$ cat upload_30.csv   # CSV, C-alpha atoms
chain,number,residue,atom,x,y,z
A,1,MET,CA,9.3,-27.3,26.3
A,2,ASN,CA,9.8,-26.2,22.7
A,3,LYS,CA,10.7,-22.5,22.1
A,4,ILE,CA,10.9,-20.5,18.9
A,5,MET,CA,12.6,-17.1,18.5
A,6,MET,CA,10.6,-14.7,16.3
A,7,LEU,CA,12.3,-11.6,14.8
A,8,GLY,CA,10.1,-8.9,13.2
A,9,GLY,CA,11.7,-5.8,11.7
A,10,ASP,CA,8.8,-3.5,10.6
A,11,ASN,CA,5.1,-2.9,10.7
A,12,THR,CA,4.4,-5.4,7.9
A,13,SER,CA,6.5,-8.1,9.6
A,14,ASP,CA,4.5,-7.4,12.7
A,15,ARG,CA,1.2,-8.0,10.8
A,16,PHE,CA,2.5,-11.1,9.0
A,17,GLY,CA,4.2,-12.4,12.1
A,18,SER,CA,1.0,-12.0,14.1
A,19,ALA,CA,-0.9,-14.2,11.6
A,20,LEU,CA,1.9,-16.7,11.6
A,21,THR,CA,2.1,-16.8,15.3
A,22,SER,CA,-1.6,-17.5,15.7
A,23,LEU,CA,-1.4,-20.6,13.5
A,24,ILE,CA,1.9,-21.8,15.0
A,25,LEU,CA,0.2,-21.8,18.4
A,26,GLU,CA,-2.8,-23.5,17.0
A,27,LYS,CA,-0.7,-26.3,15.6
A,28,CYS,CA,1.8,-26.4,18.5
A,29,PRO,CA,-0.1,-25.1,21.5
A,30,GLN,CA,2.6,-25.9,24.1
A,31,THR,CA,5.3,-24.1,22.1
A,32,LYS,CA,6.6,-20.8,23.6
A,33,LEU,CA,7.4,-17.9,21.2
A,34,PHE,CA,9.6,-15.0,22.1
A,35,GLY,CA,11.6,-12.3,20.4
A,36,VAL,CA,11.1,-8.9,18.7
A,37,GLY,CA,8.1,-7.4,17.0
A,38,GLY,CA,5.2,-5.1,17.5
A,39,PRO,CA,1.8,-5.0,19.3
A,40,LEU,CA,0.2,-7.4,16.9
A,41,MET,CA,2.8,-10.1,17.4
A,42,ASN,CA,2.5,-9.5,21.2
A,43,ASP,CA,-1.3,-9.9,21.1
A,44,ALA,CA,-0.9,-13.1,19.1
A,45,GLY,CA,1.3,-14.7,21.7
A,46,VAL,CA,4.9,-13.7,21.2
A,47,ARG,CA,6.6,-12.7,24.4
A,48,LEU,CA,8.3,-9.5,23.3
A,49,LEU,CA,11.8,-8.8,24.5
A,50,TYR,CA,11.6,-5.6,22.7
A,51,ASP,CA,8.7,-3.7,21.0
A,52,ILE,CA,10.2,-1.9,18.0
A,53,SER,CA,7.0,-0.4,16.6
A,54,GLU,CA,7.7,3.2,17.8
A,55,GLN,CA,11.3,3.2,16.6
A,56,VAL,CA,10.1,1.9,13.2
A,57,SER,CA,7.4,4.5,12.8
A,58,LEU,CA,9.8,7.3,13.6
A,59,GLY,CA,12.5,6.0,11.3
A,60,VAL,CA,15.0,5.4,14.1
A,61,PHE,CA,16.5,2.3,12.5
A,62,GLN,CA,17.2,4.2,9.3
A,63,SER,CA,19.2,6.8,11.1
A,64,MET,CA,22.7,6.9,12.5
A,65,LYS,CA,21.2,6.8,16.0
A,66,GLY,CA,19.7,3.5,15.1
A,67,SER,CA,23.0,1.8,14.9
A,68,HIS,CA,23.6,2.3,18.6
A,69,VAL,CA,20.1,0.9,19.4
A,70,VAL,CA,20.7,-2.1,17.1
A,71,ARG,CA,23.9,-3.0,18.9
A,72,ARG,CA,22.3,-2.9,22.3
A,73,MET,CA,19.4,-5.0,21.0
A,74,ILE,CA,21.7,-7.6,19.4
A,75,LYS,CA,23.5,-8.0,22.7
A,76,LEU,CA,20.2,-8.5,24.6
A,77,LEU,CA,18.9,-11.0,22.0
A,78,ILE,CA,22.1,-13.0,22.0
A,79,GLU,CA,21.8,-13.4,25.8
A,80,ALA,CA,18.1,-14.4,25.3
A,81,MET,CA,19.2,-17.0,22.7
A,82,ASP,CA,21.7,-18.5,25.1
A,83,ARG,CA,19.2,-18.5,28.0
A,84,GLU,CA,16.1,-19.8,26.2
A,85,GLN,CA,17.8,-22.2,23.8
A,86,PRO,CA,15.2,-22.0,21.0
A,87,SER,CA,14.8,-24.9,18.5
A,88,LEU,CA,14.3,-22.4,15.6
A,89,VAL,CA,14.8,-18.8,14.7
A,90,VAL,CA,12.2,-17.2,12.4
A,91,GLN,CA,13.2,-14.0,10.7
A,92,ILE,CA,10.3,-12.1,9.2
A,93,GLY,CA,10.7,-9.1,6.9
A,94,LEU,CA,13.6,-6.6,6.6
A,95,PRO,CA,16.7,-7.5,8.7
A,96,VAL,CA,16.8,-4.6,11.1
A,97,PHE,CA,19.7,-6.3,12.9
A,98,GLY,CA,21.5,-7.2,9.7
A,99,TYR,CA,22.4,-10.8,9.6
A,100,LYS,CA,24.4,-10.9,12.9
A,101,LEU,CA,21.7,-12.7,14.9
A,102,LEU,CA,21.1,-15.2,12.1
A,103,GLU,CA,24.8,-15.9,11.8
A,104,ILE,CA,25.1,-16.4,15.6
A,105,ALA,CA,22.1,-18.8,15.5
A,106,GLN,CA,23.8,-20.9,12.9
A,107,THR,CA,27.0,-21.1,14.8
A,108,LYS,CA,25.0,-22.4,17.8
A,109,GLY,CA,23.4,-25.0,15.7
A,110,ILE,CA,20.0,-23.3,15.6
A,111,PRO,CA,18.2,-23.5,12.2
A,112,VAL,CA,17.0,-20.3,10.7
A,113,LEU,CA,13.8,-19.9,8.7
A,114,TYR,CA,13.4,-16.7,6.7
A,115,TYR,CA,9.8,-15.6,5.9
A,116,TYR,CA,9.1,-12.6,3.7
A,117,THR,CA,12.7,-12.0,2.7
A,118,PRO,CA,14.1,-8.7,1.2
A,119,LEU,CA,13.6,-10.4,-2.2
A,120,SER,CA,10.0,-9.4,-1.8
A,121,ARG,CA,11.2,-5.7,-1.7
A,122,GLY,CA,13.3,-5.9,-4.8
A,123,TRP,CA,16.6,-7.0,-3.4
A,124,THR,CA,18.6,-8.5,-6.3
A,125,ASN,CA,21.9,-9.7,-5.0
A,126,VAL,CA,20.6,-12.8,-3.2
A,127,GLY,CA,23.4,-15.0,-4.3
A,128,SER,CA,26.2,-12.8,-2.9
A,129,GLY,CA,27.2,-11.8,0.6
A,130,GLN,CA,26.1,-13.5,3.8
A,131,PHE,CA,22.5,-14.2,3.0
A,132,PRO,CA,22.9,-17.8,1.6
A,133,LYS,CA,25.1,-18.7,4.6
A,134,VAL,CA,22.9,-17.5,7.4
A,135,VAL,CA,19.5,-19.1,6.4
A,136,SER,CA,18.7,-22.7,6.7
A,137,LYS,CA,15.5,-22.4,4.6
A,138,VAL,CA,13.3,-19.7,3.0
A,139,ALA,CA,9.5,-19.9,3.2
A,140,SER,CA,9.0,-18.1,-0.1
A,141,ILE,CA,5.9,-16.0,-0.7
A,142,SER,CA,6.2,-15.6,-4.5
A,143,ARG,CA,7.2,-17.7,-7.4
A,144,PHE,CA,9.8,-15.1,-8.3
A,145,GLU,CA,11.3,-15.4,-4.8
A,146,THR,CA,11.4,-19.2,-5.1
A,147,ALA,CA,13.2,-19.0,-8.5
A,148,GLN,CA,15.7,-16.6,-7.1
A,149,CYS,CA,16.5,-18.7,-4.1
A,150,LYS,CA,16.8,-21.9,-6.1
A,151,GLU,CA,19.2,-20.2,-8.5
A,152,ALA,CA,21.3,-19.1,-5.6
A,153,GLY,CA,21.3,-22.6,-4.1
A,154,ILE,CA,19.2,-21.7,-1.1
A,155,ASP,CA,16.8,-24.3,0.2
A,156,CYS,CA,13.3,-22.9,-0.1
A,157,GLU,CA,9.7,-23.9,-0.1
A,158,PHE,CA,6.9,-22.0,-1.8
A,159,VAL,CA,4.2,-21.3,0.7
A,160,GLY,CA,2.5,-18.3,-0.9
A,161,HIS,CA,1.9,-14.7,0.1
A,162,PRO,CA,0.2,-14.0,3.4
A,163,LEU,CA,-1.9,-11.3,1.8
A,164,MET,CA,-3.8,-14.0,-0.1
A,165,ASP,CA,-5.2,-14.9,3.4
A,166,LEU,CA,-5.2,-11.5,5.1
A,167,THR,CA,-6.8,-9.4,2.3
A,168,ASP,CA,-10.6,-9.0,2.5
A,169,PHE,CA,-11.8,-9.8,-1.0
A,170,SER,CA,-15.5,-10.0,-0.1
A,171,PHE,CA,-16.0,-6.3,0.6
A,172,THR,CA,-17.5,-4.7,-2.6
A,173,LYS,CA,-17.0,-1.3,-4.0
A,174,ALA,CA,-20.6,-0.4,-3.5
A,175,GLN,CA,-20.5,-1.4,0.2
A,176,ALA,CA,-17.3,0.6,0.7
A,177,ARG,CA,-18.7,3.7,-0.9
A,178,SER,CA,-21.8,3.4,1.2
A,179,LYS,CA,-19.8,3.0,4.4
A,180,LEU,CA,-17.8,6.1,3.6
A,181,GLY,CA,-21.0,8.0,2.7
A,182,VAL,CA,-20.1,8.5,-1.0
A,183,ASP,CA,-23.6,8.3,-2.5
A,184,SER,CA,-23.2,9.5,-6.0
A,185,ASP,CA,-21.7,7.2,-8.7
A,186,GLN,CA,-20.5,10.4,-10.4
A,187,VAL,CA,-18.0,11.2,-7.7
A,188,LYS,CA,-14.5,9.9,-8.3
A,189,VAL,CA,-12.7,8.7,-5.2
A,190,ILE,CA,-9.0,9.0,-4.8
A,191,GLY,CA,-7.7,6.9,-1.9
A,192,VAL,CA,-4.5,8.0,-0.3
A,193,LEU,CA,-2.4,5.6,1.8
A,194,PRO,CA,0.8,7.4,2.5
A,195,GLY,CA,2.6,4.7,4.7
A,196,ALA,CA,2.8,3.2,8.2
A,197,ARG,CA,5.9,5.2,9.3
A,198,GLU,CA,5.6,8.8,10.5
A,199,VAL,CA,8.9,9.6,8.8
A,200,GLU,CA,7.4,8.6,5.5
A,201,VAL,CA,4.1,10.4,6.0
A,202,LYS,CA,5.8,13.7,7.0
A,203,CYS,CA,7.8,13.7,3.9
A,204,ALA,CA,5.3,12.3,1.4
A,205,LEU,CA,1.8,13.5,2.3
A,206,PRO,CA,2.3,17.2,1.7
A,207,GLY,CA,3.5,16.5,-1.8
A,208,ILE,CA,0.6,14.1,-2.5
A,209,LEU,CA,-1.9,16.7,-1.3
A,210,LYS,CA,-0.3,19.3,-3.7
A,211,ALA,CA,-0.6,16.9,-6.5
A,212,LEU,CA,-4.3,16.1,-5.8
A,213,ASP,CA,-5.0,19.8,-5.5
A,214,LEU,CA,-3.9,20.1,-9.1
A,215,VAL,CA,-6.2,17.2,-10.1
A,216,THR,CA,-9.3,18.7,-8.3
A,217,GLU,CA,-8.6,22.1,-9.9
A,218,GLN,CA,-9.6,20.5,-13.2
A,219,HIS,CA,-12.3,18.2,-12.0
A,220,ASP,CA,-15.0,19.1,-9.4
A,221,ALA,CA,-16.5,15.7,-8.6
A,222,VAL,CA,-13.5,14.3,-6.9
A,223,GLN,CA,-13.4,13.1,-3.2
A,224,VAL,CA,-9.9,12.6,-1.6
A,225,VAL,CA,-9.9,10.1,1.3
A,226,VAL,CA,-6.7,9.7,3.3
A,227,SER,CA,-6.5,6.4,5.3
A,228,LEU,CA,-4.2,6.5,8.3
A,229,ALA,CA,-2.3,3.5,9.5
A,230,PRO,CA,-2.7,2.7,13.2
A,231,THR,CA,0.9,3.9,13.8
A,232,ILE,CA,0.2,7.4,12.5
A,233,ARG,CA,-1.1,10.2,14.8
A,234,THR,CA,-4.3,11.9,13.6
A,235,SER,CA,-3.0,15.3,14.8
A,236,LEU,CA,0.1,15.0,12.6
A,237,VAL,CA,-2.0,14.5,9.4
A,238,GLU,CA,-4.7,17.1,10.4
A,239,GLU,CA,-1.9,19.7,10.6
A,240,MET,CA,-0.8,18.8,7.0
A,241,VAL,CA,-4.4,18.9,5.7
A,242,ASP,CA,-5.0,22.3,7.4
A,243,ARG,CA,-1.9,23.7,5.7
A,244,CYS,CA,-2.8,22.6,2.2
A,245,SER,CA,-5.2,24.3,-0.2
A,246,LEU,CA,-7.0,21.1,-1.2
A,247,GLU,CA,-10.6,20.9,-0.4
A,248,LYS,CA,-12.8,17.8,0.2
A,249,VAL,CA,-10.2,15.8,2.1
A,250,ARG,CA,-11.5,13.2,4.5
A,251,LEU,CA,-9.5,11.2,7.1
A,252,GLU,CA,-10.3,7.6,7.8
A,253,ARG,CA,-8.7,4.6,9.5
A,254,ASP,CA,-10.1,1.9,7.4
A,255,THR,CA,-7.7,0.6,4.7
A,256,TYR,CA,-10.1,-1.7,3.0
A,257,SER,CA,-13.1,0.7,2.9
A,258,VAL,CA,-10.8,3.3,1.4
A,259,LEU,CA,-9.2,1.0,-1.2
A,260,ARG,CA,-12.4,-0.7,-2.2
A,261,ALA,CA,-14.2,2.7,-2.6
A,262,ALA,CA,-11.3,4.2,-4.6
A,263,ASP,CA,-11.2,4.7,-8.3
A,264,VAL,CA,-7.5,5.4,-8.0
A,265,ALA,CA,-5.1,5.0,-5.1
A,266,VAL,CA,-1.9,6.9,-4.2
A,267,THR,CA,0.1,4.6,-2.0
A,268,SER,CA,3.5,4.2,-0.4
A,269,ILE,CA,5.8,1.6,-2.0
A,270,GLY,CA,5.2,-1.0,0.6
A,271,THR,CA,2.6,-3.7,1.3
A,272,VAL,CA,-0.4,-1.4,0.8
A,273,SER,CA,0.6,-1.0,-2.9
A,274,LEU,CA,0.3,-4.7,-3.3
A,275,GLU,CA,-3.1,-4.8,-1.5
A,276,ALA,CA,-4.4,-2.1,-3.9
A,277,SER,CA,-3.3,-4.3,-6.8
A,278,LEU,CA,-4.9,-7.4,-5.4
A,279,LEU,CA,-8.1,-5.5,-5.0
A,280,ARG,CA,-7.9,-4.3,-8.6
A,281,VAL,CA,-7.4,-0.6,-7.8
A,282,PRO,CA,-5.3,1.3,-10.3
A,283,SER,CA,-2.6,3.2,-8.4
A,284,VAL,CA,0.6,5.2,-8.4
A,285,ALA,CA,3.3,4.8,-5.7
A,286,VAL,CA,5.3,7.6,-4.0
A,287,TYR,CA,8.2,7.6,-1.6
A,288,ARG,CA,10.2,10.3,0.0
A,289,VAL,CA,12.2,10.3,3.2
A,290,PRO,CA,15.1,12.5,4.4
A,291,HIS,CA,18.3,11.9,2.5
A,292,SER,CA,20.0,11.1,5.8
A,293,THR,CA,17.8,7.9,6.0
A,294,TYR,CA,17.6,7.1,2.3
A,295,PHE,CA,20.9,5.3,2.5
A,296,PHE,CA,19.2,2.4,4.4
A,297,ASP,CA,16.8,1.7,1.5
A,298,LYS,CA,19.6,1.8,-1.0
A,299,LEU,CA,21.1,-1.2,0.8
A,300,LEU,CA,18.3,-3.3,-0.7
A,301,ASP,CA,19.8,-2.8,-4.1
A,302,ARG,CA,16.5,-2.4,-5.9
A,303,LYS,CA,16.7,-2.6,-9.7
A,304,PRO,CA,14.8,-1.1,-11.3
A,305,ASN,CA,11.7,-0.7,-9.1
A,306,MET,CA,10.8,-0.1,-5.5
A,307,THR,CA,7.1,-0.8,-5.5
A,308,ILE,CA,6.3,-4.4,-4.4
A,309,THR,CA,3.8,-5.0,-7.2
A,310,ASN,CA,6.4,-4.0,-9.8
A,311,ASN,CA,9.0,-6.2,-8.2
A,312,ILE,CA,6.7,-9.3,-8.2
A,313,LEU,CA,5.7,-8.7,-11.8
A,314,ARG,CA,9.3,-7.9,-12.7
A,315,ARG,CA,8.3,-4.8,-14.7
A,316,THR,CA,7.0,-1.3,-14.2
A,317,VAL,CA,3.3,-1.6,-14.0
A,318,ILE,CA,2.6,1.0,-11.4
A,319,PRO,CA,4.1,4.5,-11.9
A,320,GLU,CA,6.7,5.2,-9.2
A,321,PHE,CA,7.7,8.7,-8.0
A,322,ILE,CA,10.8,8.2,-5.7
A,323,GLN,CA,12.7,10.9,-3.9
A,324,ALA,CA,13.7,13.6,-6.4
A,325,ASP,CA,11.3,12.2,-9.0
A,326,PHE,CA,8.4,12.8,-6.6
A,327,VAL,CA,7.2,16.0,-8.3
A,328,PRO,CA,3.5,17.0,-7.6
A,329,ALA,CA,2.8,17.9,-11.2
A,330,LYS,CA,4.0,14.5,-12.4
A,331,VAL,CA,2.0,12.7,-9.8
A,332,ALA,CA,-1.1,14.7,-10.7
A,333,GLU,CA,-0.7,13.8,-14.4
A,334,ALA,CA,-0.4,10.1,-13.6
A,335,VAL,CA,-3.4,10.1,-11.3
A,336,SER,CA,-5.6,12.0,-13.8
A,337,GLN,CA,-4.7,9.6,-16.5
A,338,LEU,CA,-5.8,6.6,-14.4
A,339,LEU,CA,-8.9,8.5,-13.1
A,340,PHE,CA,-10.3,9.5,-16.5
A,341,SER,CA,-8.7,7.3,-19.1
A,342,GLU,CA,-10.5,3.9,-19.3
A,343,GLU,CA,-7.8,2.6,-21.6
A,344,ALA,CA,-5.1,3.4,-19.0
A,345,ARG,CA,-7.1,1.8,-16.2
A,346,GLN,CA,-7.9,-1.4,-18.1
A,347,SER,CA,-4.3,-1.7,-19.2
A,348,MET,CA,-3.0,-1.6,-15.6
A,349,LEU,CA,-5.8,-3.9,-14.3
A,350,ALA,CA,-4.9,-6.5,-17.0
A,351,GLU,CA,-1.3,-6.6,-15.7
A,352,PHE,CA,-2.6,-7.3,-12.1
A,353,ALA,CA,-4.2,-10.5,-13.3
A,354,GLU,CA,-0.9,-12.3,-13.0
A,355,LEU,CA,-0.6,-11.7,-9.3
A,356,GLU,CA,-2.8,-14.6,-8.2
A,357,TYR,CA,-0.5,-17.0,-10.0
A,358,GLU,CA,2.6,-15.3,-8.7
A,359,LEU,CA,1.4,-15.3,-5.1
A,360,GLY,CA,-0.2,-18.7,-4.8
A,361,GLU,CA,-3.5,-20.1,-3.4
A,362,PRO,CA,-5.1,-19.0,-0.1
A,363,GLY,CA,-3.8,-21.0,2.9
A,364,ALA,CA,-0.4,-19.4,2.6
A,365,VAL,CA,0.0,-18.6,6.3
A,366,SER,CA,-1.1,-22.1,7.4
A,367,ARG,CA,1.5,-23.6,5.0
A,368,ALA,CA,4.2,-21.4,6.5
A,369,ALA,CA,3.1,-22.4,10.0
A,370,ASP,CA,3.4,-26.1,9.0
A,371,LEU,CA,7.0,-25.4,7.8
A,372,VAL,CA,7.8,-23.7,11.1
A,373,ALA,CA,6.4,-26.7,13.1
A,374,GLU,CA,8.4,-29.1,11.0
A,375,MET,CA,11.7,-27.2,11.4
A,376,ALA,CA,11.1,-26.7,15.1
A,377,ARG,CA,10.3,-30.4,15.5
A,378,CYS,CA,6.9,-29.8,17.1
A,379,GLY,CA,4.7,-32.9,17.6
A,380,ASP,CA,1.0,-32.7,17.2
A,381,ASP,CA,0.7,-32.0,20.9
A,382,GLY,CA,3.0,-29.1,20.7
A,383,THR,CA,6.0,-30.9,22.2
A,384,THR,CA,9.3,-31.5,20.6
A,385,SER,CA,9.3,-34.6,18.5
A,386,SER,CA,12.2,-37.0,18.4
$ encode --input "upload_30.csv" --output "structure tokens"
Amino acid sequence: MNKIMMLGGDNTSDRFGSALTSLILEKCPQTKLFGVGGPLMNDAGVRLLYDISEQVSLGVFQSMKGSHVVRRMIKLLIEAMDREQPSLVVQIGLPVFGYKLLEIAQTKGIPVLYYYTPLSRGWTNVGSGQFPKVVSKVASISRFETAQCKEAGIDCEFVGHPLMDLTDFSFTKAQARSKLGVDSDQVKVIGVLPGAREVEVKCALPGILKALDLVTEQHDAVQVVVSLAPTIRTSLVEEMVDRCSLEKVRLERDTYSVLRAADVAVTSIGTVSLEASLLRVPSVAVYRVPHSTYFFDKLLDRKPNMTITNNILRRTVIPEFIQADFVPAKVAEAVSQLLFSEEARQSMLAEFAELEYELGEPGAVSRAADLVAEMARCGDDGTTSS
């Protein structure tokens, strides 16, 4: 029986890994998938040796404590690799375990496919260090990533970005505003999507609410809607909202309704910023975590941007407010400009037009699954082909 080891490292990789898993099992129904991920990958059919969703949300892996957890997990996963003898290892997203497991897989003769590499998060030194040595192939999700891999001599195949399949483009702004009960066209909606990790939300949301309080002081007809990721406790955000002076704040758990209804979005720097861009919503991006965990993000060597949209377009399109630069007054100014200056809005939206070319056609996840099946040597019946 064919087996594939799946390694997911964060909430986004859980989401993308889930979609990939469903199509792998559709193409190779007898294949068994096991490894590390979150609840979405588990539900899709990956037998989890470890569910890392809670540790990711709390920022454990970005702390010194996380190094001890990682060492224990690496030992467990090496044992599983020896026991299960997978025909392929698929790494998805940020490498929580570093490259140790990928290096070990290569020494055991197990090919490694990397899907959604750190290049998508702005990592620039792809040609140096271990990375080129520990991957057999990259399933690249942007044309920029493809070019970077080819320049570094890394075998890659452009499959396209999974968000081209997973984003709901059919939902209209009118439908979203109606669903949220925003009846007047005169009301400006600011959507707030502060992140999928509690450590991010705790640090960033109070500052965002302060910034938007400054905006609403000047403009009455503004509705602030905060969309909470499934990993964020409602009680945590309710406490923050209760402590702020901002009025007209609503809490929702509906990313697409909030984004589609929004005239402007304030997002984290991650995947949701790209979703806002794909849905043609002008946005600003914010990021703040404790300095004790910020060192982890510095390892990605982002230059000069952190926001995914900016990295893909290779220029600063979305204003970024990171760590010490995250000043409420500056955020308020950027939001107000996008909210009330049609010129500023249209200028940003024009930049977003390049994204479809950069990210490829729909069918990206299916193409990635085809590549997995090929590398894992799955036959049409899900068995290992000769």
$ atom_distance --input "upload_30.csv" --atom1 "CA of Asp168 (chain A)" --atom2 "CA of Met306 (chain A)"
24.5 Å
$ closest_residue --input "upload_30.csv" --among "A:Ser257, A:Asn42, A:Ser87, A:Thr31" --to "Ala19 (chain A)" --atoms "all atoms listed in the file"
A:Asn42
$ residues_around --input "upload_30.csv" --residues "region 192-198 of chain A" --least-positions-apart "3" --cutoff "9 Å" --atoms "all atoms listed in the file" --output "PyMOL selection string"
chain A and resi 11-12+54+56-59+201-205+208+224-233+236+255+258-259+262+264-270+272-273+285-287
$ write_last_selection --input "upload_30.csv" --atoms "C-alpha atoms" --output "mmCIF file, in the frame of the given file"
data_model
loop_
_atom_site.group_PDB
_atom_site.id
_atom_site.type_symbol
_atom_site.label_atom_id
_atom_site.label_comp_id
_atom_site.auth_asym_id
_atom_site.auth_seq_id
_atom_site.Cartn_x
_atom_site.Cartn_y
_atom_site.Cartn_z
ATOM 1 C CA ASN A 11 5.100 -2.900 10.700
ATOM 2 C CA THR A 12 4.400 -5.400 7.900
ATOM 3 C CA GLU A 54 7.700 3.200 17.800
ATOM 4 C CA VAL A 56 10.100 1.900 13.200
ATOM 5 C CA SER A 57 7.400 4.500 12.800
ATOM 6 C CA LEU A 58 9.800 7.300 13.600
ATOM 7 C CA GLY A 59 12.500 6.000 11.300
ATOM 8 C CA VAL A 201 4.100 10.400 6.000
ATOM 9 C CA LYS A 202 5.800 13.700 7.000
ATOM 10 C CA CYS A 203 7.800 13.700 3.900
ATOM 11 C CA ALA A 204 5.300 12.300 1.400
ATOM 12 C CA LEU A 205 1.800 13.500 2.300
ATOM 13 C CA ILE A 208 0.600 14.100 -2.500
ATOM 14 C CA VAL A 224 -9.900 12.600 -1.600
ATOM 15 C CA VAL A 225 -9.900 10.100 1.300
ATOM 16 C CA VAL A 226 -6.700 9.700 3.300
ATOM 17 C CA SER A 227 -6.500 6.400 5.300
ATOM 18 C CA LEU A 228 -4.200 6.500 8.300
ATOM 19 C CA ALA A 229 -2.300 3.500 9.500
ATOM 20 C CA PRO A 230 -2.700 2.700 13.200
ATOM 21 C CA THR A 231 0.900 3.900 13.800
ATOM 22 C CA ILE A 232 0.200 7.400 12.500
ATOM 23 C CA ARG A 233 -1.100 10.200 14.800
ATOM 24 C CA LEU A 236 0.100 15.000 12.600
ATOM 25 C CA THR A 255 -7.700 0.600 4.700
ATOM 26 C CA VAL A 258 -10.800 3.300 1.400
ATOM 27 C CA LEU A 259 -9.200 1.000 -1.200
ATOM 28 C CA ALA A 262 -11.300 4.200 -4.600
ATOM 29 C CA VAL A 264 -7.500 5.400 -8.000
ATOM 30 C CA ALA A 265 -5.100 5.000 -5.100
ATOM 31 C CA VAL A 266 -1.900 6.900 -4.200
ATOM 32 C CA THR A 267 0.100 4.600 -2.000
ATOM 33 C CA SER A 268 3.500 4.200 -0.400
ATOM 34 C CA ILE A 269 5.800 1.600 -2.000
ATOM 35 C CA GLY A 270 5.200 -1.000 0.600
ATOM 36 C CA VAL A 272 -0.400 -1.400 0.800
ATOM 37 C CA SER A 273 0.600 -1.000 -2.900
ATOM 38 C CA ALA A 285 3.300 4.800 -5.700
ATOM 39 C CA VAL A 286 5.300 7.600 -4.000
ATOM 40 C CA TYR A 287 8.200 7.600 -1.600
#
$ atom_distance --input "upload_30.csv" --atom1 "CA of Asp43 (chain A)" --atom2 "CA of Val237 (chain A)"
27.1 Å
$ residues_around --input "upload_30.csv" --residues "Phe16 (chain A)" --least-positions-apart "3" --cutoff "9 Å" --atoms "all atoms listed in the file" --output "ChimeraX atom specification"
/A:8,11-13,19-21,41,92-93,116,162-163,166,365
$ atom_distance --input "upload_30.csv" --atom1 "CA of Asp213 (chain A)" --atom2 "CA of Ala174 (chain A)"
25.6 Å
$ closest_residue --input "upload_30.csv" --among "A:Phe340, A:Asp254, A:Val327, A:Arg71" --to "Gln186 (chain A)" --atoms "all atoms listed in the file"
A:Phe340
$ residues_around --input "upload_30.csv" --residues "Asp51 (chain A)" --least-positions-apart "2" --cutoff "6 Å" --atoms "only C-alpha atoms" --output "JSON, numbers by chain"
{"A": [37, 38, 53]}
$ residues_around --input "upload_30.csv" --residues "Leu274 (chain A)" --least-positions-apart "2" --cutoff "10 Å" --atoms "only C-alpha atoms" --output "PyMOL selection string"
chain A and resi 163+267-272+276-281+283+307-310+312+352+355
$ decode --input "upload_30.csv" --residues "region 334-345 of chain A" --atoms "N, CA and C atoms" --output "tab-separated table (two decimals), in the first residue's frame"
chain	number	residue	atom	x	y	z
A	334	ALA	N	-3.70	55.91	6.92
A	334	ALA	CA	-3.72	55.06	5.73
A	334	ALA	C	-5.12	54.54	5.43
A	335	VAL	N	-5.85	54.15	6.48
A	335	VAL	CA	-7.21	53.66	6.30
A	335	VAL	C	-8.11	54.77	5.77
A	336	SER	N	-8.00	55.95	6.34
A	336	SER	CA	-8.85	57.08	5.91
A	336	SER	C	-8.61	57.43	4.45
A	337	GLN	N	-7.36	57.39	4.04
A	337	GLN	CA	-7.05	57.71	2.65
A	337	GLN	C	-7.72	56.73	1.70
A	338	LEU	N	-7.63	55.43	2.02
A	338	LEU	CA	-8.25	54.41	1.16
A	338	LEU	C	-9.77	54.46	1.23
A	339	LEU	N	-10.28	54.89	2.37
A	339	LEU	CA	-11.73	54.92	2.57
A	339	LEU	C	-12.39	56.07	1.82
A	340	PHE	N	-11.68	57.21	1.74
A	340	PHE	CA	-12.33	58.41	1.23
A	340	PHE	C	-11.67	59.02	0.00
A	341	SER	N	-10.52	58.50	-0.42
A	341	SER	CA	-9.89	59.00	-1.64
A	341	SER	C	-10.07	57.99	-2.76
A	342	GLU	N	-10.89	58.33	-3.73
A	342	GLU	CA	-11.14	57.41	-4.84
A	342	GLU	C	-9.87	57.19	-5.65
A	343	GLU	N	-9.04	58.20	-5.74
A	343	GLU	CA	-7.78	58.07	-6.47
A	343	GLU	C	-6.88	57.02	-5.81
A	344	ALA	N	-6.78	57.07	-4.46
A	344	ALA	CA	-5.95	56.11	-3.74
A	344	ALA	C	-6.50	54.70	-3.89
A	345	ARG	N	-7.81	54.58	-3.83
A	345	ARG	CA	-8.44	53.26	-3.97
A	345	ARG	C	-8.16	52.66	-5.35
